[in-house]
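target34.cif, holding mmCIF, C-alpha atoms:
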```cif
data_data
loop_
_atom_site.group_PDB
_atom_site.id
_atom_site.type_symbol
_atom_site.label_atom_id
_atom_site.label_comp_id
_atom_site.auth_asym_id
_atom_site.auth_seq_id
_atom_site.Cartn_x
_atom_site.Cartn_y
_atom_site.Cartn_z
ATOM 1 C CA MET J 1 0.000 0.000 0.000
ATOM 2 C CA MET J 2 2.277 2.808 1.259
ATOM 3 C CA ILE J 3 6.064 2.356 1.505
ATOM 4 C CA PRO J 4 6.934 0.821 4.915
ATOM 5 C CA VAL J 5 8.364 3.475 7.230
ATOM 6 C CA ARG J 6 11.370 1.376 8.207
ATOM 7 C CA CYS J 7 13.403 -1.456 6.760
ATOM 8 C CA PHE J 8 11.963 -4.782 7.992
ATOM 9 C CA THR J 9 15.396 -6.205 8.714
ATOM 10 C CA CYS J 10 17.540 -3.454 10.200
ATOM 11 C CA GLY J 11 15.066 -0.755 11.255
ATOM 12 C CA ASN J 12 16.606 2.054 9.233
ATOM 13 C CA VAL J 13 14.097 4.709 8.113
ATOM 14 C CA VAL J 14 13.635 4.162 4.352
ATOM 15 C CA ALA J 15 10.320 5.989 3.724
ATOM 16 C CA GLU J 16 12.193 9.300 3.990
ATOM 17 C CA HIS J 17 13.803 8.648 0.601
ATOM 18 C CA TRP J 18 10.893 6.980 -1.186
ATOM 19 C CA GLU J 19 9.432 9.963 -3.033
ATOM 20 C CA GLU J 20 12.792 11.030 -4.414
ATOM 21 C CA PHE J 21 13.624 7.464 -5.394
ATOM 22 C CA LYS J 22 10.234 7.098 -7.085
ATOM 23 C CA ALA J 23 10.589 10.351 -9.003
ATOM 24 C CA ARG J 24 14.139 9.663 -10.176
ATOM 25 C CA ALA J 25 14.335 5.909 -10.684
ATOM 26 C CA ARG J 26 10.760 4.771 -11.295
ATOM 27 C CA GLU J 27 9.256 7.694 -13.169
ATOM 28 C CA GLY J 28 12.597 9.107 -14.272
ATOM 29 C CA ASP J 29 15.186 7.118 -16.193
ATOM 30 C CA GLU J 30 18.092 7.124 -13.720
ATOM 31 C CA ASP J 31 19.804 3.932 -12.631
ATOM 32 C CA PRO J 32 18.107 2.761 -9.385
ATOM 33 C CA ALA J 33 21.431 1.569 -7.927
ATOM 34 C CA GLU J 34 23.025 4.979 -8.391
ATOM 35 C CA VAL J 35 20.021 6.797 -6.936
ATOM 36 C CA LEU J 36 20.059 4.560 -3.849
ATOM 37 C CA ASP J 37 23.806 5.128 -3.394
ATOM 38 C CA GLU J 38 23.268 8.880 -3.568
ATOM 39 C CA LEU J 39 20.392 8.742 -1.096
ATOM 40 C CA GLY J 40 22.581 6.853 1.372
ATOM 41 C CA VAL J 41 20.506 3.667 1.329
ATOM 42 C CA GLU J 42 23.524 1.386 1.510
ATOM 43 C CA ARG J 43 22.538 -1.984 2.911
ATOM 44 C CA ALA J 44 20.963 -4.629 0.698
ATOM 45 C CA CYS J 45 18.090 -5.080 3.176
ATOM 46 C CA CYS J 46 17.079 -1.410 2.909
ATOM 47 C CA ARG J 47 17.561 -1.337 -0.856
ATOM 48 C CA ARG J 48 15.175 -4.222 -1.430
ATOM 49 C CA MET J 49 12.478 -2.284 0.495
ATOM 50 C CA MET J 50 12.641 0.445 -2.144
ATOM 51 C CA VAL J 51 13.271 -1.676 -5.228
ATOM 52 C CA SER J 52 10.446 -4.139 -4.549
ATOM 53 C CA HIS J 53 7.795 -1.650 -3.428
ATOM 54 C CA LYS J 54 4.578 -0.813 -5.279
ATOM 55 C CA ASP J 55 2.206 1.987 -4.254
ATOM 56 C CA LEU J 56 -1.342 0.621 -4.131
ATOM 57 C CA VAL J 57 -3.370 3.556 -2.783
ATOM 58 C CA ASP J 58 -4.596 4.416 -6.294
ATOM 59 C CA VAL J 59 -5.691 0.809 -6.830
ATOM 60 C CA VAL J 60 -7.619 0.558 -3.565
ATOM 61 C CA ALA J 61 -9.122 4.074 -3.488
ATOM 62 C CA PRO J 62 -12.174 3.418 -5.746
ATOM 63 C CA TYR J 63 -13.457 0.649 -3.453
ATOM 64 C CA GLN J 64 -13.575 2.766 -0.329
ATOM 65 C CA MET G 1 41.523 -6.084 30.837
ATOM 66 C CA SER G 2 43.280 -2.774 31.259
ATOM 67 C CA ASP G 3 41.888 0.103 33.277
ATOM 68 C CA GLU G 4 41.979 2.519 30.369
ATOM 69 C CA PHE G 5 40.225 2.188 27.055
ATOM 70 C CA GLU G 6 41.634 3.696 23.925
ATOM 71 C CA VAL G 7 39.029 5.030 21.499
ATOM 72 C CA GLU G 8 39.785 6.118 17.958
ATOM 73 C CA PHE G 9 37.151 7.368 15.509
ATOM 74 C CA ILE G 10 37.350 6.421 11.853
ATOM 75 C CA GLU G 11 34.069 7.992 10.807
ATOM 76 C CA ARG G 12 32.074 10.392 12.923
ATOM 77 C CA GLU G 13 28.885 11.858 11.555
ATOM 78 C CA GLU G 14 25.643 13.128 13.039
ATOM 79 C CA ARG G 15 23.790 9.835 12.753
ATOM 80 C CA SER G 16 26.526 7.267 12.268
ATOM 81 C CA ALA G 17 29.961 6.515 13.628
ATOM 82 C CA ARG G 18 32.686 3.922 13.215
ATOM 83 C CA PHE G 19 35.361 3.652 15.859
ATOM 84 C CA VAL G 20 37.967 1.319 17.304
ATOM 85 C CA VAL G 21 38.103 0.592 21.030
ATOM 86 C CA ARG G 22 41.159 -1.112 22.528
ATOM 87 C CA GLY G 23 41.413 -2.790 25.894
ATOM 88 C CA LEU G 24 37.963 -4.407 25.867
ATOM 89 C CA THR G 25 36.921 -7.974 26.519
ATOM 90 C CA PRO G 26 34.299 -9.489 24.195
ATOM 91 C CA ALA G 27 31.839 -9.450 27.125
ATOM 92 C CA ILE G 28 32.161 -5.692 27.615
ATOM 93 C CA ALA G 29 31.999 -5.044 23.872
ATOM 94 C CA ASN G 30 28.765 -7.012 23.622
ATOM 95 C CA GLY G 31 27.448 -5.314 26.756
ATOM 96 C CA ILE G 32 27.928 -1.923 25.111
ATOM 97 C CA ARG G 33 26.232 -3.108 21.945
ATOM 98 C CA ARG G 34 23.237 -4.447 23.851
ATOM 99 C CA ALA G 35 22.989 -1.307 25.979
ATOM 100 C CA MET G 36 22.895 0.823 22.827
ATOM 101 C CA ILE G 37 19.991 -1.219 21.495
ATOM 102 C CA THR G 38 17.864 -1.751 24.592
ATOM 103 C CA ASP G 39 18.844 0.669 27.337
ATOM 104 C CA VAL G 40 18.815 4.079 25.681
ATOM 105 C CA PRO G 41 15.195 5.305 25.618
ATOM 106 C CA THR G 42 13.591 7.198 22.740
ATOM 107 C CA LEU G 43 10.280 8.973 22.284
ATOM 108 C CA SER G 44 7.794 7.218 20.047
ATOM 109 C CA ILE G 45 4.058 7.540 19.426
ATOM 110 C CA ASP G 46 2.238 5.042 21.625
ATOM 111 C CA THR G 47 -1.428 6.066 21.746
ATOM 112 C CA VAL G 48 -3.438 7.636 18.940
ATOM 113 C CA ARG G 49 -6.916 9.179 19.315
ATOM 114 C CA PHE G 50 -8.473 9.464 15.854
ATOM 115 C CA VAL G 51 -10.891 12.330 15.276
ATOM 116 C CA GLU G 52 -11.423 11.459 11.638
ATOM 117 C CA ASN G 53 -9.850 8.852 9.399
ATOM 118 C CA SER G 54 -11.526 8.457 6.038
ATOM 119 C CA SER G 55 -8.307 7.305 4.297
ATOM 120 C CA VAL G 56 -7.830 3.912 2.638
ATOM 121 C CA MET G 57 -5.986 2.552 5.679
ATOM 122 C CA PHE G 58 -7.439 1.373 8.972
ATOM 123 C CA ASP G 59 -6.709 3.279 12.190
ATOM 124 C CA GLU G 60 -4.402 0.494 13.391
ATOM 125 C CA MET G 61 -2.295 0.572 10.230
ATOM 126 C CA ILE G 62 -1.795 4.318 10.544
ATOM 127 C CA GLY G 63 -1.036 3.879 14.257
ATOM 128 C CA LEU G 64 1.723 1.398 13.370
ATOM 129 C CA ARG G 65 3.261 3.763 10.816
ATOM 130 C CA LEU G 66 3.169 6.635 13.306
ATOM 131 C CA GLY G 67 4.924 4.564 15.960
ATOM 132 C CA LEU G 68 7.842 3.968 13.598
ATOM 133 C CA VAL G 69 8.412 7.668 12.841
ATOM 134 C CA PRO G 70 11.549 8.691 14.793
ATOM 135 C CA LEU G 71 11.145 11.730 17.051
ATOM 136 C CA THR G 72 14.007 13.890 18.282
ATOM 137 C CA THR G 73 14.554 13.023 21.931
ATOM 138 C CA PRO G 74 16.217 15.509 24.287
ATOM 139 C CA LEU G 75 17.167 12.969 26.965
ATOM 140 C CA ASP G 76 18.161 15.609 29.518
ATOM 141 C CA ASP G 77 14.625 16.989 29.685
ATOM 142 C CA PHE G 78 12.646 13.757 29.873
ATOM 143 C CA GLU G 79 12.423 10.737 32.150
ATOM 144 C CA VAL G 80 11.292 7.274 31.107
ATOM 145 C CA GLY G 81 7.486 7.288 31.132
ATOM 146 C CA ASP G 82 7.070 10.994 30.279
ATOM 147 C CA ASP G 83 4.844 11.822 27.332
ATOM 148 C CA VAL G 84 4.399 14.523 24.706
ATOM 149 C CA THR G 85 1.216 15.289 22.768
ATOM 150 C CA LEU G 86 1.307 15.479 18.984
ATOM 151 C CA ALA G 87 -1.398 16.255 16.445
ATOM 152 C CA LEU G 88 -1.995 16.118 12.715
ATOM 153 C CA ASP G 89 -4.782 17.395 10.471
ATOM 154 C CA VAL G 90 -4.517 16.924 6.690
ATOM 155 C CA GLU G 91 -7.327 17.009 4.149
ATOM 156 C CA GLY G 92 -7.114 15.421 0.698
ATOM 157 C CA PRO G 93 -6.170 15.553 -2.048
ATOM 158 C CA ALA G 94 -2.749 15.598 -0.387
ATOM 159 C CA THR G 95 -0.228 13.310 1.254
ATOM 160 C CA ALA G 96 0.150 13.469 5.025
ATOM 161 C CA TYR G 97 3.887 13.600 5.820
ATOM 162 C CA SER G 98 5.655 13.141 9.128
ATOM 163 C CA GLY G 99 6.687 16.799 8.778
ATOM 164 C CA ASP G 100 3.009 17.819 9.064
ATOM 165 C CA ILE G 101 2.872 16.512 12.632
ATOM 166 C CA GLU G 102 2.630 19.316 15.161
ATOM 167 C CA THR G 103 4.002 18.892 18.652
ATOM 168 C CA SER G 104 3.271 20.472 22.014
ATOM 169 C CA ASP G 105 6.992 20.583 22.840
ATOM 170 C CA GLU G 106 9.361 22.398 20.509
ATOM 171 C CA LEU G 107 12.273 20.098 21.379
ATOM 172 C CA VAL G 108 10.366 17.082 20.117
ATOM 173 C CA GLN G 109 10.027 17.035 16.338
ATOM 174 C CA PRO G 110 9.884 14.283 13.734
ATOM 175 C CA ALA G 111 13.547 13.500 12.948
ATOM 176 C CA ASP G 112 12.717 12.941 9.274
ATOM 177 C CA GLU G 113 10.152 15.167 7.595
ATOM 178 C CA ASN G 114 9.476 13.407 4.309
ATOM 179 C CA ILE G 115 8.034 10.125 5.533
ATOM 180 C CA PRO G 116 4.690 9.655 3.774
ATOM 181 C CA ILE G 117 2.131 8.507 6.347
ATOM 182 C CA ILE G 118 -0.850 8.157 4.027
ATOM 183 C CA GLU G 119 -1.868 9.446 0.629
ATOM 184 C CA LEU G 120 -5.294 11.105 0.837
ATOM 185 C CA LYS G 121 -7.671 11.377 -2.124
ATOM 186 C CA GLU G 122 -10.359 13.992 -2.743
ATOM 187 C CA GLY G 123 -12.710 14.231 0.236
ATOM 188 C CA GLN G 124 -10.553 12.062 2.538
ATOM 189 C CA ARG G 125 -9.273 13.471 5.791
ATOM 190 C CA LEU G 126 -6.934 12.410 8.572
ATOM 191 C CA GLU G 127 -7.101 14.102 11.948
ATOM 192 C CA PHE G 128 -5.751 12.714 15.188
ATOM 193 C CA GLU G 129 -4.112 13.518 18.471
ATOM 194 C CA ALA G 130 -1.340 11.241 19.699
ATOM 195 C CA ASP G 131 0.821 10.682 22.758
ATOM 196 C CA ALA G 132 4.509 9.934 22.351
ATOM 197 C CA VAL G 133 6.061 8.226 25.359
ATOM 198 C CA LEU G 134 9.710 7.841 26.385
ATOM 199 C CA GLU G 135 10.518 4.144 26.723
ATOM 200 C CA THR G 136 13.459 1.796 26.193
ATOM 201 C CA GLY G 137 13.980 -0.731 23.426
ATOM 202 C CA LYS G 138 13.120 -3.479 25.909
ATOM 203 C CA SER G 139 9.427 -2.555 25.778
ATOM 204 C CA HIS G 140 9.080 -2.208 21.999
ATOM 205 C CA ALA G 141 11.450 -2.168 19.027
ATOM 206 C CA LYS G 142 10.134 1.268 17.977
ATOM 207 C CA HIS G 143 11.900 2.693 21.052
ATOM 208 C CA GLN G 144 15.325 1.472 19.900
ATOM 209 C CA GLY G 145 17.545 4.465 19.237
ATOM 210 C CA GLY G 146 20.308 2.398 17.647
ATOM 211 C CA VAL G 147 19.897 0.944 14.184
ATOM 212 C CA ALA G 148 22.240 -1.771 12.880
ATOM 213 C CA VAL G 149 24.588 -1.499 15.856
ATOM 214 C CA GLY G 150 27.407 -4.009 15.727
ATOM 215 C CA TYR G 151 31.077 -4.695 16.224
ATOM 216 C CA ARG G 152 33.772 -6.980 14.892
ATOM 217 C CA HIS G 153 37.365 -7.757 15.764
ATOM 218 C CA LEU G 154 40.023 -5.416 14.484
ATOM 219 C CA GLN G 155 42.180 -7.324 12.030
ATOM 220 C CA LYS G 156 45.839 -6.772 11.335
ATOM 221 C CA VAL G 157 47.169 -7.238 7.835
ATOM 222 C CA GLU G 158 50.818 -8.156 7.430
ATOM 223 C CA VAL G 159 52.776 -8.704 4.243
ATOM 224 C CA VAL G 160 54.652 -11.997 4.635
ATOM 225 C CA GLY G 161 56.169 -12.265 1.185
ATOM 226 C CA ASP G 162 55.532 -12.162 -2.534
ATOM 227 C CA ALA G 163 52.748 -14.145 -4.144
ATOM 228 C CA GLY G 164 53.992 -16.959 -6.367
ATOM 229 C CA GLU G 165 54.594 -15.742 -9.894
ATOM 230 C CA PHE G 166 52.151 -18.161 -11.504
ATOM 231 C CA ASP G 167 49.619 -18.247 -8.654
ATOM 232 C CA GLU G 168 46.055 -17.608 -9.636
ATOM 233 C CA GLU G 169 44.940 -14.109 -8.665
ATOM 234 C CA GLU G 170 42.068 -14.670 -6.303
ATOM 235 C CA PRO G 171 40.246 -11.864 -4.529
ATOM 236 C CA ASN G 172 40.928 -11.651 -0.806
ATOM 237 C CA ILE G 173 37.776 -10.064 0.577
ATOM 238 C CA LEU G 174 37.761 -8.437 3.999
ATOM 239 C CA ARG G 175 35.171 -6.089 5.482
ATOM 240 C CA GLY G 176 35.288 -3.497 8.217
ATOM 241 C CA VAL G 177 38.466 -1.832 9.340
ATOM 242 C CA VAL G 178 41.998 -3.218 9.154
ATOM 243 C CA GLU G 179 45.209 -2.216 10.820
ATOM 244 C CA THR G 180 48.269 -2.029 8.603
ATOM 245 C CA GLU G 181 51.827 -2.900 9.639
ATOM 246 C CA GLU G 182 52.465 0.786 10.328
ATOM 247 C CA GLY G 183 49.567 0.827 12.791
ATOM 248 C CA GLU G 184 47.349 2.866 10.484
ATOM 249 C CA LEU G 185 43.600 2.172 10.560
ATOM 250 C CA VAL G 186 42.054 1.815 7.115
ATOM 251 C CA ALA G 187 38.368 1.227 6.271
ATOM 252 C CA THR G 188 38.219 -1.636 3.776
ATOM 253 C CA ASP G 189 35.848 0.169 1.391
ATOM 254 C CA GLU G 190 38.740 2.500 0.565
ATOM 255 C CA PHE G 191 40.243 -0.335 -1.477
ATOM 256 C CA GLY G 192 37.060 -2.072 -2.587
ATOM 257 C CA ASN G 193 37.104 -4.548 0.333
ATOM 258 C CA ASP G 194 39.722 -6.564 -1.566
ATOM 259 C CA LEU G 195 43.206 -6.915 -0.096
ATOM 260 C CA THR G 196 44.709 -7.780 -3.487
ATOM 261 C CA ASN G 197 43.919 -4.200 -4.575
ATOM 262 C CA ARG G 198 45.953 -2.759 -1.733
ATOM 263 C CA TYR G 199 48.780 -5.280 -1.770
ATOM 264 C CA PRO G 200 49.032 -6.451 -5.407
ATOM 265 C CA GLY G 201 51.373 -9.381 -5.909
ATOM 266 C CA LYS G 202 51.996 -9.830 -2.182
ATOM 267 C CA GLU G 203 51.144 -12.636 0.144
ATOM 268 C CA VAL G 204 49.398 -11.276 3.222
ATOM 269 C CA GLU G 205 48.435 -12.702 6.556
ATOM 270 C CA VAL G 206 45.373 -11.524 8.470
ATOM 271 C CA THR G 207 45.198 -11.924 12.235
ATOM 272 C CA ASP G 208 42.804 -10.692 14.923
ATOM 273 C CA VAL G 209 44.159 -7.991 17.231
ATOM 274 C CA PRO G 210 43.383 -9.127 20.783
ATOM 275 C CA GLY G 211 41.105 -6.828 22.782
ATOM 276 C CA ALA G 212 40.419 -4.423 19.919
ATOM 277 C CA PHE G 213 36.919 -4.017 18.503
ATOM 278 C CA VAL G 214 35.578 -1.979 15.616
ATOM 279 C CA PHE G 215 32.092 -0.656 16.365
ATOM 280 C CA HIS G 216 29.655 0.543 13.768
ATOM 281 C CA VAL G 217 26.821 2.624 15.212
ATOM 282 C CA GLU G 218 23.853 4.214 13.492
ATOM 283 C CA THR G 219 20.912 6.005 15.046
ATOM 284 C CA ASP G 220 17.397 6.537 13.717
ATOM 285 C CA GLY G 221 17.748 10.302 14.203
ATOM 286 C CA SER G 222 16.370 10.485 17.753
ATOM 287 C CA PHE G 223 19.797 11.701 18.919
ATOM 288 C CA THR G 224 23.379 11.739 17.672
ATOM 289 C CA ALA G 225 25.542 8.633 17.482
ATOM 290 C CA ASP G 226 27.870 10.158 20.116
ATOM 291 C CA GLU G 227 25.011 10.608 22.539
ATOM 292 C CA LEU G 228 23.753 7.052 21.969
ATOM 293 C CA LEU G 229 27.159 5.618 22.863
ATOM 294 C CA LEU G 230 27.658 7.826 25.924
ATOM 295 C CA ARG G 231 24.175 7.098 27.264
ATOM 296 C CA ALA G 232 24.684 3.369 26.746
ATOM 297 C CA ILE G 233 27.934 3.470 28.729
ATOM 298 C CA ASP G 234 26.233 5.518 31.465
ATOM 299 C CA SER G 235 23.534 2.865 31.761
ATOM 300 C CA ILE G 236 26.107 0.074 32.144
ATOM 301 C CA ASP G 237 27.917 2.185 34.720
ATOM 302 C CA ALA G 238 24.700 2.800 36.671
ATOM 303 C CA ARG G 239 23.805 -0.885 36.696
ATOM 304 C CA ALA G 240 27.312 -1.894 37.774
ATOM 305 C CA ALA G 241 27.090 0.588 40.664
ATOM 306 C CA GLU G 242 23.674 -0.791 41.593
ATOM 307 C CA LEU G 243 25.049 -4.333 41.637
ATOM 308 C CA GLU G 244 27.976 -3.245 43.763
ATOM 309 C CA ASP G 245 25.580 -1.680 46.278
ATOM 310 C CA ALA G 246 23.350 -4.737 46.313
ATOM 311 C CA VAL G 247 26.145 -7.192 47.109
ATOM 312 C CA ALA G 248 28.065 -4.926 49.502
ATOM 313 C CA VAL G 249 28.456 -6.498 52.918
#
```

Whole structure, structure tokens version:
Amino acid sequence: MMIPVRCFTCGNVVAEHWEEFKARAREGDEDPAEVLDELGVERACCRRMMVSHKDLVDVVAPYQ
Amino acid sequence: MSDEFEVEFIEREERSARFVVRGLTPAIANGIRRAMITDVPTLSIDTVRFVENSSVMFDEMIGLRLGLVPLTTPLDDFEVGDDVTLALDVEGPATAYSGDIETSDELVQPADENIPIIELKEGQRLEFEADAVLETGKSHAKHQGGVAVGYRHLQKVEVVGDAGEFDEEEPNILRGVVETEEGELVATDEFGNDLTNRYPGKEVEVTDVPGAFVFHVETDGSFTADELLLRAIDSIDARAAELEDAVAV
């Protein structure tokens, strides 16, 4: 639904960087790995939170 | 164990630090690590009173997200159990961010301001009042100030000779911080974590340095990494004093 606030594994706050990551790597055409490096999301556990996430609010909203 | 510890910082930033401590036993090193995780309290939202929630998420789901938002914690001004009132009121179409949370105490603010709490569509509204309470990591993981706190042995790298001329060049991966023969401390990511990059064509030997530990500390933003470490040591000190009192004849 929404990006989890923290990484499931290590507890680092990842949601802080989601909107920038989404704008640059998902909607933009930058390399996701480079964007994550720049944002300071270093560990593989935190990176998978961002790479594997899908926003679902738009999908669920009509059924409210 | 010696009476004096020797501490040397390799990296020292607001929210993260990497340092070497000499003169520790593994028991003390682990004690410090555990104290950083469980004994240093942080403020975190604990109770939420919803006035209106017409978003796509249930109250409980939003409550969970709010609990995980780190809040700046001035530990000198609060005692464990104290609480602070926070409030938020956002009407769609908009996204409610952690930065929109208003607090009754200026010293307590969301440590990160761009955490999306919930995306609100046209006509949806989120309004609540919440209590943040100061507790330790023992009671709930959301109160842990330290994130990915750990340590490993300091390793010493010594050149023992040349690699055989026709030996296969295999990577020699090492992570953390190493001590060179000159006594210099080098973070392994400076040479791509591969010793063959730093000592090409040499045969090296890696040994643990007794009593020396490399700590890596990160905080969630509640306080600085320095403060986390100092508070953790204070808590060990206080408990040791308490034990001494309890067993005194």

Run through the PyMOL selection byres ((chain J and resi 4) around 8) on the given coordinates and return the selected residues as a PDB file with C-alpha atoms, in the coordinates of the input.
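File out22.pdb, as written:
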```pdb
ATOM      1  CA  MET J   2       2.277   2.808   1.259  1.00  0.00           C
ATOM      2  CA  ILE J   3       6.064   2.356   1.505  1.00  0.00           C
ATOM      3  CA  VAL J   5       8.364   3.475   7.230  1.00  0.00           C
ATOM      4  CA  ARG J   6      11.370   1.376   8.207  1.00  0.00           C
ATOM      5  CA  CYS J   7      13.403  -1.456   6.760  1.00  0.00           C
ATOM      6  CA  VAL J  14      13.635   4.162   4.352  1.00  0.00           C
ATOM      7  CA  ALA J  15      10.320   5.989   3.724  1.00  0.00           C
ATOM      8  CA  MET J  49      12.478  -2.284   0.495  1.00  0.00           C
TER       9      MET J  49
ATOM     10  CA  ARG G  65       3.261   3.763  10.816  1.00  0.00           C
TER      11      ARG G  65
END
```

G:Val69, G:Leu24, G:Val40, G:Val204 ranked by distance to chain J, top pick (using all atoms listed in the file):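 The closest residue to chain J is G:Val69.
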
Computed interatomic separation between CA of Glu13 in chain G and CA of Ala225 in chain G (Å): 7.5 Å

Near Ile117 in chain G, counting only C-alpha atoms, which residues have an atom at most 7 Å away, once you skip same-chain residues fewer than 4 positions from it, shown as a PDB file with C-alpha atoms, keeping the file's coordinate frame?
```pdb
ATOM      1  CA  ARG G  65       3.261   3.763  10.816  1.00  0.00           C
ATOM      2  CA  ALA G  96       0.150  13.469   5.025  1.00  0.00           C
ATOM      3  CA  TYR G  97       3.887  13.600   5.820  1.00  0.00           C
ATOM      4  CA  SER G  98       5.655  13.141   9.128  1.00  0.00           C
TER       5      SER G  98
END
```

Return as a tab-separated table the residues of chain J lying at most 12 Å from chain G, together with the closest atom-to-atom pair for each and the distance in Å to one decimal, counting only C-alpha atoms, with rows in chain order and ascending residue number.
```
residue	atom	partner	partner_atom	distance
J:Met1	CA	G:Met57	CA	8.6
J:Met2	CA	G:Ile118	CA	6.8
J:Ile3	CA	G:Pro116	CA	7.8
J:Pro4	CA	G:Arg65	CA	7.5
J:Val5	CA	G:Arg65	CA	6.2
J:Arg6	CA	G:Leu68	CA	6.9
J:Cys7	CA	G:Val147	CA	10.2
J:Phe8	CA	G:Leu68	CA	11.2
J:Thr9	CA	G:Ala148	CA	9.2
J:Cys10	CA	G:Ala148	CA	5.7
J:Gly11	CA	G:Val147	CA	5.9
J:Asn12	CA	G:Val147	CA	6.0
J:Val13	CA	G:Asp220	CA	6.8
J:Val14	CA	G:Ile115	CA	8.3
J:Ala15	CA	G:Ile115	CA	5.1
J:Glu16	CA	G:Ile115	CA	4.5
J:His17	CA	G:Asn114	CA	7.4
J:Trp18	CA	G:Ile115	CA	8.0
J:Glu19	CA	G:Asn114	CA	8.1
J:Glu20	CA	G:Asn114	CA	9.6
J:Gly40	CA	G:Ser16	CA	11.6
J:Glu42	CA	G:Ala148	CA	11.9
J:Arg43	CA	G:Ala148	CA	10.0
J:Cys45	CA	G:Ala148	CA	11.1
J:Cys46	CA	G:Ala148	CA	11.2
J:Asp55	CA	G:Glu119	CA	9.8
J:Leu56	CA	G:Val56	CA	9.9
J:Val57	CA	G:Glu119	CA	7.0
J:Asp58	CA	G:Lys121	CA	8.7
J:Val59	CA	G:Val56	CA	10.2
J:Val60	CA	G:Val56	CA	7.1
J:Ala61	CA	G:Val56	CA	6.3
J:Pro62	CA	G:Val56	CA	9.5
J:Tyr63	CA	G:Val56	CA	8.9
J:Gln64	CA	G:Val56	CA	6.6
```

Keeping only C-alpha atoms, write those residues as a PDB file, in the frame of the given file.
```
ATOM      1  CA  MET J   1       0.000   0.000   0.000  1.00  0.00           C
ATOM      2  CA  MET J   2       2.277   2.808   1.259  1.00  0.00           C
ATOM      3  CA  ILE J   3       6.064   2.356   1.505  1.00  0.00           C
ATOM      4  CA  PRO J   4       6.934   0.821   4.915  1.00  0.00           C
ATOM      5  CA  VAL J   5       8.364   3.475   7.230  1.00  0.00           C
ATOM      6  CA  ARG J   6      11.370   1.376   8.207  1.00  0.00           C
ATOM      7  CA  CYS J   7      13.403  -1.456   6.760  1.00  0.00           C
ATOM      8  CA  PHE J   8      11.963  -4.782   7.992  1.00  0.00           C
ATOM      9  CA  THR J   9      15.396  -6.205   8.714  1.00  0.00           C
ATOM     10  CA  CYS J  10      17.540  -3.454  10.200  1.00  0.00           C
ATOM     11  CA  GLY J  11      15.066  -0.755  11.255  1.00  0.00           C
ATOM     12  CA  ASN J  12      16.606   2.054   9.233  1.00  0.00           C
ATOM     13  CA  VAL J  13      14.097   4.709   8.113  1.00  0.00           C
ATOM     14  CA  VAL J  14      13.635   4.162   4.352  1.00  0.00           C
ATOM     15  CA  ALA J  15      10.320   5.989   3.724  1.00  0.00           C
ATOM     16  CA  GLU J  16      12.193   9.300   3.990  1.00  0.00           C
ATOM     17  CA  HIS J  17      13.803   8.648   0.601  1.00  0.00           C
ATOM     18  CA  TRP J  18      10.893   6.980  -1.186  1.00  0.00           C
ATOM     19  CA  GLU J  19       9.432   9.963  -3.033  1.00  0.00           C
ATOM     20  CA  GLU J  20      12.792  11.030  -4.414  1.00  0.00           C
ATOM     21  CA  GLY J  40      22.581   6.853   1.372  1.00  0.00           C
ATOM     22  CA  GLU J  42      23.524   1.386   1.510  1.00  0.00           C
ATOM     23  CA  ARG J  43      22.538  -1.984   2.911  1.00  0.00           C
ATOM     24  CA  CYS J  45      18.090  -5.080   3.176  1.00  0.00           C
ATOM     25  CA  CYS J  46      17.079  -1.410   2.909  1.00  0.00           C
ATOM     26  CA  ASP J  55       2.206   1.987  -4.254  1.00  0.00           C
ATOM     27  CA  LEU J  56      -1.342   0.621  -4.131  1.00  0.00           C
ATOM     28  CA  VAL J  57      -3.370   3.556  -2.783  1.00  0.00           C
ATOM     29  CA  ASP J  58      -4.596   4.416  -6.294  1.00  0.00           C
ATOM     30  CA  VAL J  59      -5.691   0.809  -6.830  1.00  0.00           C
ATOM     31  CA  VAL J  60      -7.619   0.558  -3.565  1.00  0.00           C
ATOM     32  CA  ALA J  61      -9.122   4.074  -3.488  1.00  0.00           C
ATOM     33  CA  PRO J  62     -12.174   3.418  -5.746  1.00  0.00           C
ATOM     34  CA  TYR J  63     -13.457   0.649  -3.453  1.00  0.00           C
ATOM     35  CA  GLN J  64     -13.575   2.766  -0.329  1.00  0.00           C
TER      36      GLN J  64
END
```

Near-Gln155 in chain G list (6 Å; all atoms listed in the file; drop same-chain fewer than 2 positions) as an MDAnalysis selection string: chainID G and resid 178 207:209

Edge lengths and centre, in Å to one decimal, as lines of an AutoDock Vina configuration file: that's what I need for the box along x, y and z that holds all listed atoms of range 24-32 of chain J plus 8 Å on each side.
```
center_x = 14.5
center_y = 6.2
center_z = -12.8
size_x = 26.5
size_y = 22.9
size_z = 22.8
```

Distance in Å - CA of His143 in chain G versus CA of Met36 in chain G: 11.3 Å

Selection near Asp31 in chain J, 12 Å with all atoms listed in the file, sequence-local residues under 6 positions removed, as a VMD selection string: chain J and resid 21 to 25 37 to 38 51

Residues within 12 Å of Gly201 in chain G, all atoms listed in the file, excluding chain neighbours under 2 positions, as a PyMOL selection string: chain G and resi 159-172+195-199+203-204

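Residue neighbourhood of Glu184 in chain G, excluding near-sequence residues (fewer than 3 positions): Glu8, Ile10, Val20, Leu154, Gln155, Lys156, Val157, Glu158, Val177, Val178, Glu179, Thr180, Glu181 and Ala187 of chain G, at 12 Å, using only C-alpha atoms.
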